[in-house]
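Report on the structure given below.
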Amino acid sequence: MNKTVNPNELKPVDDVGPLYAAHQKVYPQSVSGTFRRIKWSLMAICLGIYYFLPFVRWNRGLGAPSQAVLIDLPNSRFYFFFIELWPQEVYYFTGLLIVAAVALFLMNSVGGRIWCGYLCPQTVWTDLFYAVERLIEGDRRERMKKAKSSDPLKLERVSEIVLKHSIWLMIAWWTGGAWVLYFNDAPTLVKELVTFQGPMLAYIWIGILTATTYILAGYMREQVCTYMCPWPRIQAALTDEWALNVTYRYDRGEKRTSVKKAAELRALGQQVGDCVDCYQCVAVCPTGIDIRNGPQMECIQCGLCIDACDNVMAKIGRPKRLIGYDNDINIHRRQEGKAPIYRIVRARTIVYSAIIAAVGSFMVYTLATRSLLDVNVLHDRNPVAVKLSDGSIRNAYTVRLLNKSGYDRAIAIDVEGPINPTMHVVGVDSVTPDRPIIVIPRDSTSELRLLVTAPAENNPEKSIPVRFHVMDIGLGVAASATDNFVAP
Amino acid sequence: MTDHSSDIDSVSGKSTTGHEWDGIKELNTPLPRWWVIAFYLTIIWSIGYWVVYPAWPLISSNTTGMFGYSSRADVAVELANLEKIRGDKMAALGTASLVDIEKDPALLALARAKGKTVFGDNCAPCHGSGGAGAKGYPNLNDDDWLWGGTLDQIMQTIQFGARSGHAKTHEGQMLAFGKDGVLKPDEIVTVANYVRSLSGLSTRNGFDAAKGQKIFAENCVACHGDAGKGNPEMGAPNLTDKISLYGSDEASLIETISQGRAGVMPAWEGRLDPATIKAMAVYVHSLGGGK
């Protein structure tokens with residue numbers, strides 16, 4: 001086949017041929033078994049969390065939102081149960097994303113595309129939409145027959161179609177509706193939405209997400225995974241020879257023939273495979289592929305073909321798991337008559353777990369030890385220093401005090417560094433000139449202009465490190481920041 | 001052109017594109033229909049932009065689009081909205097007294113923010129972006145004020161200026177004692193050294209303090225006071241402090257005494273609205289030197 005072609009014989013390039021591939025509609029058959037049960041439970045958990053989490057309440061005291069999970073965009077706050085994050089703490093999300101990414105890699109190196117098969121929203125909602133379709137229009141054969149039928153539409157068929165799309169749209173609408181509840185107080189917003197008094201933006205977002213859910217889960221389905229999603233391409237680079245993937249165990253022999261024929265051939269002592277070519281694995285596949293062709297990019301590894309095949313194997317009295325989570329190493333070992341070995345714990349999985357543990361514990365540590373009182377200091381850049389009429393030096397600083405707690409704080413400011421300094425906060429009557437006291441309201445920041453003046457003769461150096469200590473005078477909580485005191 | 005849709009690859013069973021390199025043929029894996037349709041739709045959609053928005057350059061102008069959209073008009077609308085949003089607060093700035101503005105954290109923050117922007121647009125060319133000044137242009141961060149450093153005095157100076165030609169402007173200037181022949185060169189040198197001695201600076205060898213004091217008493221005390229402490233009513237600087245607008249070295253002082261000084265601060269009344277001038281006064285006062 002790979003004969004060498006003389007360049008002179010090469011034909012001019014042309015682009016004749018279809019511009020696009022016609023969509024092969026998939027009609028997955030219902031199936032029962034272990035993996036189907038796992039998928040139902042995970043779907044219930046994922047959707048349950050997504051749809052109902054905004055209604056969970058969390059008491060944060062008067063004046064603060066009482067929603068457990070809330071992204072408060074107008075006030076730039078993120079609430080997650082007992083955690084409240086400010087915009088400048090968004091790096092916790094970076095940590096979360098790192099953990100999520102590495103967790104994905106870890107899943108991949110242990111059990112292949114676990115995310116794609118069980119947890120990805122595209123899979124979960126498509127599965128739900130298929131369940132609705134099956135309930136109304138019947139199983140695979142019926143749906144295929146109905147789709148092929150060229151009979152004029154009867155009332156029964158029309159009502160089926162209308163009912164299916166209505167339920168789909170209702171699920172899609174609820175999906176979009178739940179999304180906006182994460183950004184507002186859920187009970188209030190629900191009340192506003194049903195009385196048509198909700199904000200326009202909420203209706204627009206519900207509309208957008210209703211449309212995406214309906215189109216992605218109702219129509220595009222496996223095409224999203226095959227054509228739109230980058231993950232099938234990326235995961236190929238993250239898997240290794242030890243990772244367990246949904247695999248057709250071809251070590252269970254060839255050829256594939258009917259149950260009766262196989263029994264006859266076995267009686268004659270001939271080589272024959274366990275596969276009876278019943279195509280049940282293909283019938284149940286939500287992406288419409290044949291797992292027996294080996295690992296494929298389209299395969300989301302949902303495990304439904306394992307259930308389908310197990311059911312058949314049980315009926316014909318052959319061992320289960322002709323299709324199962326396995327890898328080529330073990331297939332080869334079994335072909336050579338050796339016992340299979342499974343290495344879940346290996347360098348790759350240890351490193352991934354270590355990264356997750358390290359990043360996770362670092363995040364927990366920083367979150368647990370973060371200060372609810374903070375101070376940032378910015379030295380005036382122009383002028384950096386001012387000479388006063390008596391010859392003393394004055395430096396001005398912009399001080400930002402952050403009070404992240406749920407109550408007002410009275411803060412005293414101390415300066416350490418220049419000799420014999422006096423301090424003044426613009427707009428604050430200095431009862432104690434060396435120690436200004438300011439009240440910062442709860443959950444807010446205050447920006448102050450702080451002037452530090454010191455006699456030049458006591459501070460002859462060009463630049464002296466200066467440290468600002470702020471202290472809650474009631475509770476003794478302290479924070480500090482460093483800068484420089486500069487001579488002109 | 002040959003039709004390769006019939007050229008089937010024996011391994012995959014798919015048709016090929018007919019492209020062949022060293023015997024390897026490229027399989028034809030076409031895009032899905034919806035993708036191709038979406039692609040064409042985006043092209044059609046883009047034509048809509050030509051119709052709706054300004055798009056094509058003409059010789060001296062451009063097509064304006066159906067709705068006459070312009071980003072300049074957008075800016076004008078946004079600015080008007082901003083003024084509307086700020087309306088109440090700016091009004092509060094206009095009615096509150098200068099002292100009250102500085103005591104109210106919200107008004108102080110507003111005045112400082114407003115003041116900083118306006119300062120950058122109008123005052124920075126002479127006084128510098130941070131108000132640090134330069135030779136001949138006062139540093140607004142220090143506590144030395146020619147015309148007084150209280151909130152009211154600062155506001156008055158901003159409103160009417162100094163030697164600005166405004167009816168209510170600050171008047172008074174440093175006379176040119178040398179140019180006008182009032183003092184002889186050696187007398188100028190002597191009095192310049194006397195002024196240096198007032199703020200504790202070194203004097204040249206052979207300087208006669210008594211003679212200097214006599215010249216000073218005869219010519220300078222009318223404005224600068226007996227002790228040389230200055231007079232904000234006339235914009236006469238304090239000669240005993242460590243700050244000097246035109247320089248305190250002997251050469252600069254000699255130049256000042258012989259040629260005189262009369263720097264001009266423009267009047268801002270009429271150019272800036274009263275609330276803005278108030279914000280400016282609070283901003284300058286809050287730079288640190290305010291009394």
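We name chains A, B, ... following the order of the structure tokens; residues begin at 1 in each chain, and ligands are numbered from 1 as shown.
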Which residues of chain B come within 7 Å of chain A, and what is each one's closest atom pair and distance in Å (one decimal), counting only C-alpha atoms, sorted by chain and residue number, as CSV?
```
residue,atom,partner,partner_atom,distance
B:Met1,CA,A:Asp14,CA,6.1
B:Asp3,CA,A:Val16,CA,5.8
B:His4,CA,A:Val16,CA,6.6
B:Ser5,CA,A:Gly17,CA,5.5
B:Thr17,CA,A:Asp15,CA,6.6
B:His19,CA,A:Val13,CA,6.1
B:Asp22,CA,A:Thr4,CA,5.4
B:Gly23,CA,A:Asn2,CA,4.9
B:Ile24,CA,A:Asn2,CA,6.6
B:Pro30,CA,A:Tyr20,CA,4.6
B:Leu31,CA,A:Tyr20,CA,4.4
B:Pro32,CA,A:Ala21,CA,4.7
B:Arg33,CA,A:Tyr20,CA,5.1
B:Val36,CA,A:Tyr20,CA,6.8
B:Glu102,CA,A:Gly427,CA,5.1
B:Lys103,CA,A:Gly427,CA,5.0
B:Gly130,CA,A:Asn382,CA,4.8
B:Ala132,CA,A:Pro383,CA,5.4
B:Asn141,CA,A:Val386,CA,6.5
B:Asp142,CA,A:Leu388,CA,5.3
B:Asp143,CA,A:Leu388,CA,5.7
B:Asp144,CA,A:Ser389,CA,5.9
B:Asp241,CA,A:Ser389,CA,4.9
B:Lys242,CA,A:Ser389,CA,5.0
B:Ile243,CA,A:Ser389,CA,5.5
B:Ser286,CA,A:Val426,CA,6.0
B:Gly288,CA,A:Leu451,CA,6.6
```
Put those residues in a file: N, CA and C atoms, as a short mmCIF file (atom, residue, chain, number, x, y, z; two decimals), in the first residue's frame.
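Final output, out-v4.cif:
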```
data_model
loop_
_atom_site.label_atom_id
_atom_site.label_comp_id
_atom_site.auth_asym_id
_atom_site.auth_seq_id
_atom_site.Cartn_x
_atom_site.Cartn_y
_atom_site.Cartn_z
N MET B 1 -9.40 17.91 -12.49
CA MET B 1 -10.20 17.64 -11.29
C MET B 1 -10.83 16.24 -11.41
N ASP B 3 -12.91 13.17 -9.24
CA ASP B 3 -13.75 12.93 -8.07
C ASP B 3 -13.13 11.82 -7.22
N HIS B 4 -12.72 12.20 -6.02
CA HIS B 4 -12.09 11.22 -5.16
C HIS B 4 -13.04 10.63 -4.13
N SER B 5 -14.30 11.03 -4.23
CA SER B 5 -15.24 10.49 -3.23
C SER B 5 -15.36 8.98 -3.39
N THR B 17 -9.18 12.55 0.42
CA THR B 17 -9.24 13.85 -0.26
C THR B 17 -8.49 13.80 -1.58
N HIS B 19 -5.30 13.93 -1.70
CA HIS B 19 -3.96 14.46 -1.42
C HIS B 19 -3.07 13.29 -1.03
N ASP B 22 4.08 10.72 -0.44
CA ASP B 22 4.86 9.50 -0.27
C ASP B 22 3.96 8.29 -0.04
N GLY B 23 2.89 8.25 -0.76
CA GLY B 23 2.01 7.09 -0.67
C GLY B 23 1.01 7.16 0.45
N ILE B 24 1.09 8.22 1.26
CA ILE B 24 0.12 8.33 2.35
C ILE B 24 -1.00 9.27 1.90
N PRO B 30 -14.83 15.43 6.90
CA PRO B 30 -15.44 16.76 6.75
C PRO B 30 -16.02 17.29 8.04
N LEU B 31 -16.25 18.60 8.05
CA LEU B 31 -16.85 19.26 9.20
C LEU B 31 -18.33 18.92 9.25
N PRO B 32 -18.92 18.96 10.45
CA PRO B 32 -20.36 18.69 10.53
C PRO B 32 -21.16 19.81 9.88
N ARG B 33 -22.33 19.46 9.44
CA ARG B 33 -23.17 20.41 8.70
C ARG B 33 -23.46 21.68 9.51
N VAL B 36 -20.63 24.14 9.46
CA VAL B 36 -20.47 24.86 8.19
C VAL B 36 -21.55 25.93 8.06
N GLU B 102 -14.09 68.65 55.27
CA GLU B 102 -12.90 67.93 55.71
C GLU B 102 -13.21 66.98 56.87
N LYS B 103 -14.28 67.25 57.60
CA LYS B 103 -14.62 66.39 58.75
C LYS B 103 -15.46 65.18 58.36
N GLY B 130 2.11 66.42 41.73
CA GLY B 130 1.84 66.16 43.14
C GLY B 130 1.84 67.43 43.96
N ALA B 132 4.31 69.56 44.16
CA ALA B 132 5.63 69.74 44.78
C ALA B 132 6.29 71.06 44.37
N ASN B 141 2.72 71.22 49.36
CA ASN B 141 2.73 70.18 50.38
C ASN B 141 3.31 70.67 51.69
N ASP B 142 4.08 71.76 51.62
CA ASP B 142 4.73 72.21 52.86
C ASP B 142 3.83 73.19 53.62
N ASP B 143 4.33 73.66 54.76
CA ASP B 143 3.49 74.50 55.63
C ASP B 143 3.85 75.97 55.51
N ASP B 144 4.51 76.34 54.40
CA ASP B 144 4.89 77.73 54.20
C ASP B 144 3.97 78.33 53.15
N ASP B 241 12.37 81.20 57.87
CA ASP B 241 12.19 79.74 57.85
C ASP B 241 13.16 79.08 56.86
N LYS B 242 13.01 77.78 56.74
CA LYS B 242 13.98 77.01 55.95
C LYS B 242 13.55 76.86 54.48
N ILE B 243 12.45 77.53 54.13
CA ILE B 243 11.93 77.36 52.77
C ILE B 243 12.05 78.68 52.02
N SER B 286 -5.46 69.30 52.11
CA SER B 286 -5.22 67.95 52.62
C SER B 286 -3.88 67.38 52.15
N GLY B 288 -1.21 68.28 53.04
CA GLY B 288 -0.41 68.12 54.24
C GLY B 288 -0.01 69.42 54.89
#
```
Contacts of segment 323-340 of chain A within 9 Å, only C-alpha atoms, excl. fewer than 2 positions in-chain, as a ChimeraX atom specification: /A:111-112,241-252,281,291-292,303,305-307,309-310,320-321,342
Kindly save the residues from that selection, with C-alpha atoms included, as a tab-separated table (two decimals), in the first residue's frame.
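File written: result00.tsv
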```tsv
chain	number	residue	atom	x	y	z
A	111	GLY	CA	-9.80	5.35	35.44
A	112	GLY	CA	-9.70	7.19	32.12
A	241	GLU	CA	-0.29	2.41	29.77
A	242	TRP	CA	-1.45	1.69	33.33
A	243	ALA	CA	-4.60	3.83	33.25
A	244	LEU	CA	-7.79	1.79	33.28
A	245	ASN	CA	-10.03	2.56	30.35
A	246	VAL	CA	-13.27	1.04	29.12
A	247	THR	CA	-11.77	-1.71	26.99
A	248	TYR	CA	-12.97	-4.59	24.89
A	249	ARG	CA	-10.89	-7.52	26.18
A	250	TYR	CA	-9.85	-9.03	22.88
A	251	ASP	CA	-7.81	-11.62	24.76
A	252	ARG	CA	-11.17	-13.36	25.27
A	281	CYS	CA	-22.64	-2.50	23.25
A	291	ILE	CA	-16.02	-0.16	21.67
A	292	ARG	CA	-14.64	-3.34	20.15
A	303	GLY	CA	-19.42	2.27	31.08
A	305	CYS	CA	-21.48	-0.92	27.15
A	306	ILE	CA	-20.04	-2.83	30.14
A	307	ASP	CA	-23.56	-3.16	31.57
A	309	CYS	CA	-22.35	-6.80	27.58
A	310	ASP	CA	-22.53	-8.16	31.13
A	320	LYS	CA	-18.88	-11.25	32.68
A	321	ARG	CA	-16.70	-8.23	31.86
A	342	TYR	CA	-3.14	-3.37	38.42
```
Where in segment 24-262 of chain B does DSSP assign strand (DSSP E), given as a ChimeraX atom specification? /B:24-27,31-32
Would you write out those residues with C-alpha atoms, as a PDB file, in the first residue's frame?
```pdb
ATOM      1  CA  ILE B  24       0.116   8.333   2.355  1.00  0.00           C
ATOM      2  CA  LYS B  25      -3.337   9.598   1.535  1.00  0.00           C
ATOM      3  CA  GLU B  26      -5.270  12.067   3.603  1.00  0.00           C
ATOM      4  CA  LEU B  27      -8.651  10.826   4.776  1.00  0.00           C
ATOM      5  CA  LEU B  31     -16.852  19.256   9.196  1.00  0.00           C
ATOM      6  CA  PRO B  32     -20.357  18.691  10.530  1.00  0.00           C
TER       7      PRO B  32
END
```
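From atom CA of Ile254 of chain B back to atom CA of Ile188 of chain B, the distance works out to 6.3 Å.
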Could you give me, as a PyMOL selection string, each residue of segment 9-132 of chain A that DSSP assigns to alpha helix (DSSP H) when run on this structure's backbone? chain A and resi 34-52+91-111+114+121-132
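The shell of residues at most 12 Å from Lys214 of chain B, with only C-alpha atoms counted and near chain neighbours (fewer than 3 positions) removed, consists of B:Glu187, B:Thr190, B:Val191, B:Tyr194, B:Asp208, B:Ala209, B:Ala210, B:Lys211, B:Ala217, B:Glu218, B:Asn219, B:Cys220, B:Val221, B:Asp226.
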Between B:Tyr137, B:Phe207, B:Tyr40, B:Phe216, single out the one closest to Ala262 of chain B, counting only C-alpha atoms.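 For Ala262 of chain B, the nearest of the candidates is B:Tyr137.
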As an exercise, work out the distance from atom CA of Gln122 of chain A to atom CA of Val224 of chain A in Å and give it to one decimal place.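 Going from atom CA of Gln122 of chain A over to atom CA of Val224 of chain A, I get 7.8 Å.
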Report as a PyMOL selection string all protein, DNA and RNA residues lying within 8 Å of Val124 of chain A, evaluated on only C-alpha atoms, omitting residues in the same chain fewer than 5 positions from it. chain A and resi 43+118-119
Written file, previous selection with N, CA and C atoms, as a short mmCIF file (atom, residue, chain, number, x, y, z; two decimals), in the first residue's frame:
```cif
data_model
loop_
_atom_site.label_atom_id
_atom_site.label_comp_id
_atom_site.auth_asym_id
_atom_site.auth_seq_id
_atom_site.Cartn_x
_atom_site.Cartn_y
_atom_site.Cartn_z
N MET A 43 -26.02 11.52 38.78
CA MET A 43 -26.88 12.54 38.17
C MET A 43 -27.76 13.18 39.24
N TYR A 118 -19.17 10.45 33.60
CA TYR A 118 -20.09 10.49 34.73
C TYR A 118 -20.43 11.88 35.24
N LEU A 119 -19.51 12.83 35.13
CA LEU A 119 -19.68 14.09 35.86
C LEU A 119 -19.84 15.33 34.99
#
```
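Computed from the coordinates, the atom CA of Phe183 of chain A to atom CA of Tyr203 of chain A distance equals 12.8 Å.
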Which one of A:Trp173, A:Phe129, A:Phe55, A:Tyr92 sits closest to Met363 of chain A if you count only C-alpha atoms?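 Once distances to Met363 of chain A are computed over only C-alpha atoms, the minimum belongs to A:Tyr92.
Of the residues under consideration (A:Pro441, A:Pro199, A:Gly177, A:Pro455), A:Pro455 shows the shortest atom-to-atom contact distance to Pro421 of chain A when counting only C-alpha atoms.
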